[in-house]
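Q: My structure file work_6.cif, mmCIF, C-alpha atoms and all ligand atoms, is below:
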data_coords
#
loop_
_atom_site.label_atom_id
_atom_site.label_comp_id
_atom_site.auth_asym_id
_atom_site.auth_seq_id
_atom_site.Cartn_x
_atom_site.Cartn_y
_atom_site.Cartn_z
CA MET G 1 0.00 0.00 0.00
CA LEU G 2 2.63 2.50 -1.03
CA CYS G 3 0.06 5.22 -1.42
CA CYS G 4 2.40 7.78 -2.93
CA LYS G 5 5.93 8.34 -4.01
CA GLU G 6 6.65 10.42 -0.93
CA ASN G 7 5.92 7.46 1.39
CA GLY G 8 7.95 5.14 -0.83
CA ASP G 9 10.92 7.49 -0.64
CA LYS G 10 10.54 7.82 3.10
CA ILE G 11 10.55 4.02 3.52
CA ASP G 12 13.66 3.69 1.35
CA GLU G 13 15.36 6.40 3.39
CA ILE G 14 14.50 4.73 6.73
CA ILE G 15 15.71 1.32 5.57
CA GLU G 16 18.86 2.73 4.03
CA ARG G 17 19.73 4.59 7.24
CA HIS G 18 19.45 1.45 9.40
CA ARG G 19 20.38 -1.26 6.91
CA HIS G 20 23.91 -1.88 8.04
CA ASN G 21 23.25 -1.94 11.79
CA PRO G 22 22.69 -5.34 13.29
CA GLY G 23 19.47 -5.30 15.30
CA SER G 24 18.06 -2.56 13.10
CA ILE G 25 14.65 -4.14 12.75
CA ILE G 26 13.02 -2.46 15.77
CA PRO G 27 14.02 1.13 14.86
CA ILE G 28 12.98 0.47 11.24
CA LEU G 29 9.56 -0.76 12.34
CA GLN G 30 9.17 2.15 14.80
CA GLU G 31 9.93 4.75 12.18
CA ILE G 32 7.75 3.12 9.55
CA GLN G 33 4.88 2.91 12.01
CA GLU G 34 5.24 6.67 12.52
CA VAL G 35 4.75 7.19 8.78
CA PHE G 36 1.58 5.06 8.47
CA ASN G 37 0.39 5.01 12.08
CA TYR G 38 0.51 1.20 11.78
CA LEU G 39 2.53 -1.46 9.93
CA PRO G 40 0.83 -2.44 6.67
CA LYS G 41 1.55 -6.06 5.75
CA ASP G 42 2.81 -5.22 2.27
CA ILE G 43 5.30 -2.80 3.78
CA LEU G 44 6.65 -5.60 5.99
CA ALA G 45 7.30 -7.52 2.79
CA VAL G 46 9.14 -4.53 1.31
CA ILE G 47 11.30 -4.29 4.44
CA ALA G 48 12.16 -8.00 4.19
CA GLU G 49 13.09 -7.62 0.54
CA LYS G 50 15.29 -4.60 1.12
CA THR G 51 17.03 -5.72 4.32
CA ASP G 52 17.52 -9.43 3.63
CA ILE G 53 15.89 -10.14 6.98
CA SER G 54 13.40 -12.98 6.57
CA PRO G 55 9.70 -12.05 6.39
CA ALA G 56 9.04 -14.52 9.25
CA LYS G 57 11.52 -12.73 11.50
CA ILE G 58 10.09 -9.29 10.70
CA TYR G 59 6.54 -10.51 11.26
CA GLY G 60 7.67 -12.18 14.50
CA VAL G 61 9.11 -8.92 15.85
CA ALA G 62 6.09 -6.89 14.71
CA THR G 63 3.69 -9.22 16.50
CA PHE G 64 5.83 -9.78 19.61
CA TYR G 65 6.06 -6.16 20.79
CA LYS G 66 2.88 -4.44 21.89
CA GLN G 67 4.13 -1.08 20.59
CA PHE G 68 3.61 -2.30 17.02
CA ARG G 69 0.22 -2.26 15.34
CA LEU G 70 -0.64 -4.40 12.33
CA LYS G 71 -4.01 -2.75 11.78
CA PRO G 72 -4.85 0.89 11.15
CA VAL G 73 -5.96 2.84 14.21
CA GLY G 74 -9.00 5.06 14.50
CA ASN G 75 -8.94 8.87 14.49
CA TYR G 76 -8.99 8.72 18.28
CA LEU G 77 -6.48 6.31 19.84
CA ILE G 78 -7.52 5.60 23.41
CA LEU G 79 -4.70 4.38 25.65
CA LEU G 80 -6.33 3.02 28.77
CA CYS G 81 -3.93 2.49 31.64
CA GLN G 82 -4.15 -0.89 33.34
CA GLY G 83 -1.11 -0.34 35.57
CA THR G 84 -1.36 -1.20 39.27
CA ALA G 85 -2.57 2.18 40.59
CA CYS G 86 -5.16 2.52 37.82
CA HIS G 87 -6.27 -1.08 38.27
CA VAL G 88 -6.76 -0.55 42.01
CA ASN G 89 -8.71 2.67 41.34
CA GLY G 90 -11.15 1.19 38.87
CA SER G 91 -9.66 0.97 35.36
CA LYS G 92 -11.79 -2.14 34.71
CA LYS G 93 -14.92 -0.10 35.31
CA ILE G 94 -13.61 2.46 32.84
CA GLU G 95 -12.93 -0.31 30.32
CA GLU G 96 -16.50 -1.59 30.74
CA THR G 97 -17.86 1.92 30.20
CA LEU G 98 -15.80 2.28 27.02
CA TYR G 99 -17.13 -1.09 25.87
CA ASN G 100 -20.73 -0.02 26.53
CA GLU G 101 -20.21 3.21 24.62
CA LEU G 102 -18.09 1.94 21.73
CA LYS G 103 -18.45 -1.87 21.66
CA ILE G 104 -14.69 -2.35 21.39
CA ARG G 105 -12.24 -4.28 23.52
CA ASP G 106 -8.47 -3.96 23.83
CA GLY G 107 -6.86 -3.74 20.39
CA GLU G 108 -10.11 -3.20 18.49
CA THR G 109 -11.34 -0.29 16.37
CA THR G 110 -14.94 0.86 16.02
CA GLU G 111 -16.64 0.02 12.72
CA ASP G 112 -16.76 3.68 11.73
CA GLY G 113 -12.97 3.87 12.16
CA LEU G 114 -13.28 6.59 14.76
CA PHE G 115 -11.94 4.99 17.95
CA THR G 116 -9.25 2.40 18.78
CA LEU G 117 -8.78 1.06 22.29
CA ASN G 118 -5.39 -0.09 23.56
CA ASN G 119 -4.77 -1.18 27.11
CA VAL G 120 -1.33 -0.07 28.26
CA ALA G 121 0.84 -0.30 31.35
CA CYS G 122 1.51 2.73 33.58
CA LEU G 123 1.18 6.04 31.73
CA GLY G 124 3.33 7.72 34.36
CA CYS G 125 0.71 9.81 36.14
CA CYS G 126 -0.50 7.37 38.79
CA SER G 127 -1.66 10.15 41.14
CA LEU G 128 -4.41 10.81 38.57
CA SER G 129 -5.49 7.17 38.36
CA PRO G 130 -7.51 5.83 36.71
CA VAL G 131 -6.12 7.49 33.62
CA MET G 132 -6.58 7.32 29.87
CA MET G 133 -5.02 9.24 27.02
CA ILE G 134 -6.85 10.02 23.82
CA ASN G 135 -4.38 11.10 21.17
CA GLU G 136 -2.27 13.71 23.01
CA GLU G 137 -4.81 14.52 25.73
CA THR G 138 -4.64 12.99 29.25
CA TYR G 139 -7.83 12.39 31.25
CA GLY G 140 -7.39 11.54 34.93
CA SER G 141 -9.40 10.61 38.02
CA LEU G 142 -11.93 9.06 35.69
CA VAL G 143 -15.41 7.95 36.61
CA PRO G 144 -17.83 6.29 34.16
CA GLU G 145 -20.07 9.38 33.76
CA GLN G 146 -17.06 11.45 32.74
CA VAL G 147 -15.96 8.82 30.20
CA ILE G 148 -19.43 8.85 28.63
CA LYS G 149 -19.25 12.64 28.40
CA ILE G 150 -15.78 12.60 26.81
CA ILE G 151 -16.77 9.98 24.22
CA THR G 152 -20.00 11.81 23.40
CA GLU G 153 -18.10 15.05 22.90
CA LEU G 154 -15.57 13.39 20.59
CA LYS G 155 -18.35 11.76 18.56
CA ASN G 156 -20.07 15.14 18.21
CA GLN G 157 -16.80 16.76 17.23
CA ALA G 158 -16.25 14.10 14.53
CA ASN G 159 -19.81 14.60 13.22
CA ARG G 160 -19.25 18.33 12.98
CA GLN G 161 -16.10 17.73 10.94
CA VAL G 162 -18.03 15.50 8.50
CA VAL G 163 -20.86 18.03 7.96
S1 LIG W 1 -0.73 2.95 36.92
FE1 LIG W 1 -1.93 4.15 35.59
S2 LIG W 1 -0.76 5.94 35.36
FE2 LIG W 1 0.46 4.70 36.60
#
Would you kindly transcribe this structure into structure tokens?

A:
Amino acid sequence: MLCCKENGDKIDEIIERHRHNPGSIIPILQEIQEVFNYLPKDILAVIAEKTDISPAKIYGVATFYKQFRLKPVGNYLILLCQGTACHVNGSKKIEETLYNELKIRDGETTEDGLFTLNNVACLGCCSLSPVMMINEETYGSLVPEQVIKIITELKNQANRQVV
């Protein structure tokens, strides 16, 4: 899915820069994920071809580490903390609320492509637990009513952008 020449050039440049370093596969995958926001399967094949690393090894690394995504993410990427402090303070209840509102579980994207949910370990602001991040925004001390409000606002915002 090389959608345009610019992306193709960028991929070549990333691979070229890391090609001669042993153990280069993780930085290559990280940088390519930044370009597409996920790792398209056909791009993994291109990496294998250009680096002489076997497709099985590349696929193995891409599926082993949670930081890598093999599917596109929604416009709003929800990172829900399931670290200890957040767990103790009710992150499961927040996850259930997100499920009721969006019908998605960890790693899934809503059918309209708007929201993706990823459970993550400590986001580094435990005093605000339970915490979630949506894109760059952090929401802390969450209770279900607040989550419903946030999701409703984001849905409305997306609808306004479509109209
Ligand atoms: S455990 Fe959730 S922010 Fe630290």

Q: Would you list the residues near (-6.0, 14.9, 28.9) (no more than 12 Å away, in the coordinates of the file, using only C-alpha atoms) as a list of chain:residue names?

A: G:Ile78, G:Leu79, G:Leu80, G:Leu123, G:Cys125, G:Leu128, G:Val131, G:Met132, G:Met133, G:Ile134, G:Asn135, G:Glu136, G:Glu137, G:Thr138, G:Tyr139, G:Gly140, G:Ser141, G:Leu142, G:Val147, G:Ile150

Q: Counting only C-alpha atoms, which of G:Asp106, G:Glu101, G:Asp9, G:Glu96 gets nearest to Lys155 of chain G?

A: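 Nearest to Lys155 of chain G: G:Glu101.
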
Q: Have a look at G:Gly23, G:Gly83, G:Pro144, G:Pro72 and name the one nearest to ligand LIG 1 (chain W); count only C-alpha atoms and all ligand atoms.

A: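 Going through G:Gly23, G:Gly83, G:Pro144, G:Pro72 one by one, the smallest distance to ligand LIG 1 (chain W) is for G:Gly83.
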
Q: Kindly work out which residues sit at most 8 Å from ligand LIG 1 (chain W), using only C-alpha atoms and all ligand atoms, and give the list as a list of chain:residue names.

A: G:Cys81, G:Gln82, G:Gly83, G:Thr84, G:Ala85, G:Cys86, G:His87, G:Ala121, G:Cys122, G:Leu123, G:Gly124, G:Cys125, G:Cys126, G:Ser127, G:Leu128, G:Ser129, G:Pro130, G:Val131

Q: Residues as selected, C-alpha atoms, written as a PDB file, in the frame of the given file, can you do that?

A:
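New file part_16.pdb:
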ATOM      1  CA  CYS G  81      -3.930   2.490  31.640  1.00  0.00           C
ATOM      2  CA  GLN G  82      -4.150  -0.890  33.340  1.00  0.00           C
ATOM      3  CA  GLY G  83      -1.110  -0.340  35.570  1.00  0.00           C
ATOM      4  CA  THR G  84      -1.360  -1.200  39.270  1.00  0.00           C
ATOM      5  CA  ALA G  85      -2.570   2.180  40.590  1.00  0.00           C
ATOM      6  CA  CYS G  86      -5.160   2.520  37.820  1.00  0.00           C
ATOM      7  CA  HIS G  87      -6.270  -1.080  38.270  1.00  0.00           C
ATOM      8  CA  ALA G 121       0.840  -0.300  31.350  1.00  0.00           C
ATOM      9  CA  CYS G 122       1.510   2.730  33.580  1.00  0.00           C
ATOM     10  CA  LEU G 123       1.180   6.040  31.730  1.00  0.00           C
ATOM     11  CA  GLY G 124       3.330   7.720  34.360  1.00  0.00           C
ATOM     12  CA  CYS G 125       0.710   9.810  36.140  1.00  0.00           C
ATOM     13  CA  CYS G 126      -0.500   7.370  38.790  1.00  0.00           C
ATOM     14  CA  SER G 127      -1.660  10.150  41.140  1.00  0.00           C
ATOM     15  CA  LEU G 128      -4.410  10.810  38.570  1.00  0.00           C
ATOM     16  CA  SER G 129      -5.490   7.170  38.360  1.00  0.00           C
ATOM     17  CA  PRO G 130      -7.510   5.830  36.710  1.00  0.00           C
ATOM     18  CA  VAL G 131      -6.120   7.490  33.620  1.00  0.00           C
TER      19      VAL G 131
END

Q: Considering all atoms listed in the file, can you say which of G:Ile11, G:Val143, G:Leu154, G:Val73 comes closest to Ile47 of chain G?

A: G:Ile11

Q: Nearest residue to Asn75 of chain G out of G:Leu44, G:Ile14, G:Leu117, G:Leu39, using all atoms listed in the file?

A: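 Closest residue, counting all atoms listed in the file: G:Leu117.
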
Q: Between G:Glu145, G:Lys50, G:Leu114, G:Gln67, which residue has the minimum interatomic distance to Asn100 of chain G, considering all atoms listed in the file?

A: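 That would be G:Glu145, the residue with the smallest distance to Asn100 of chain G.
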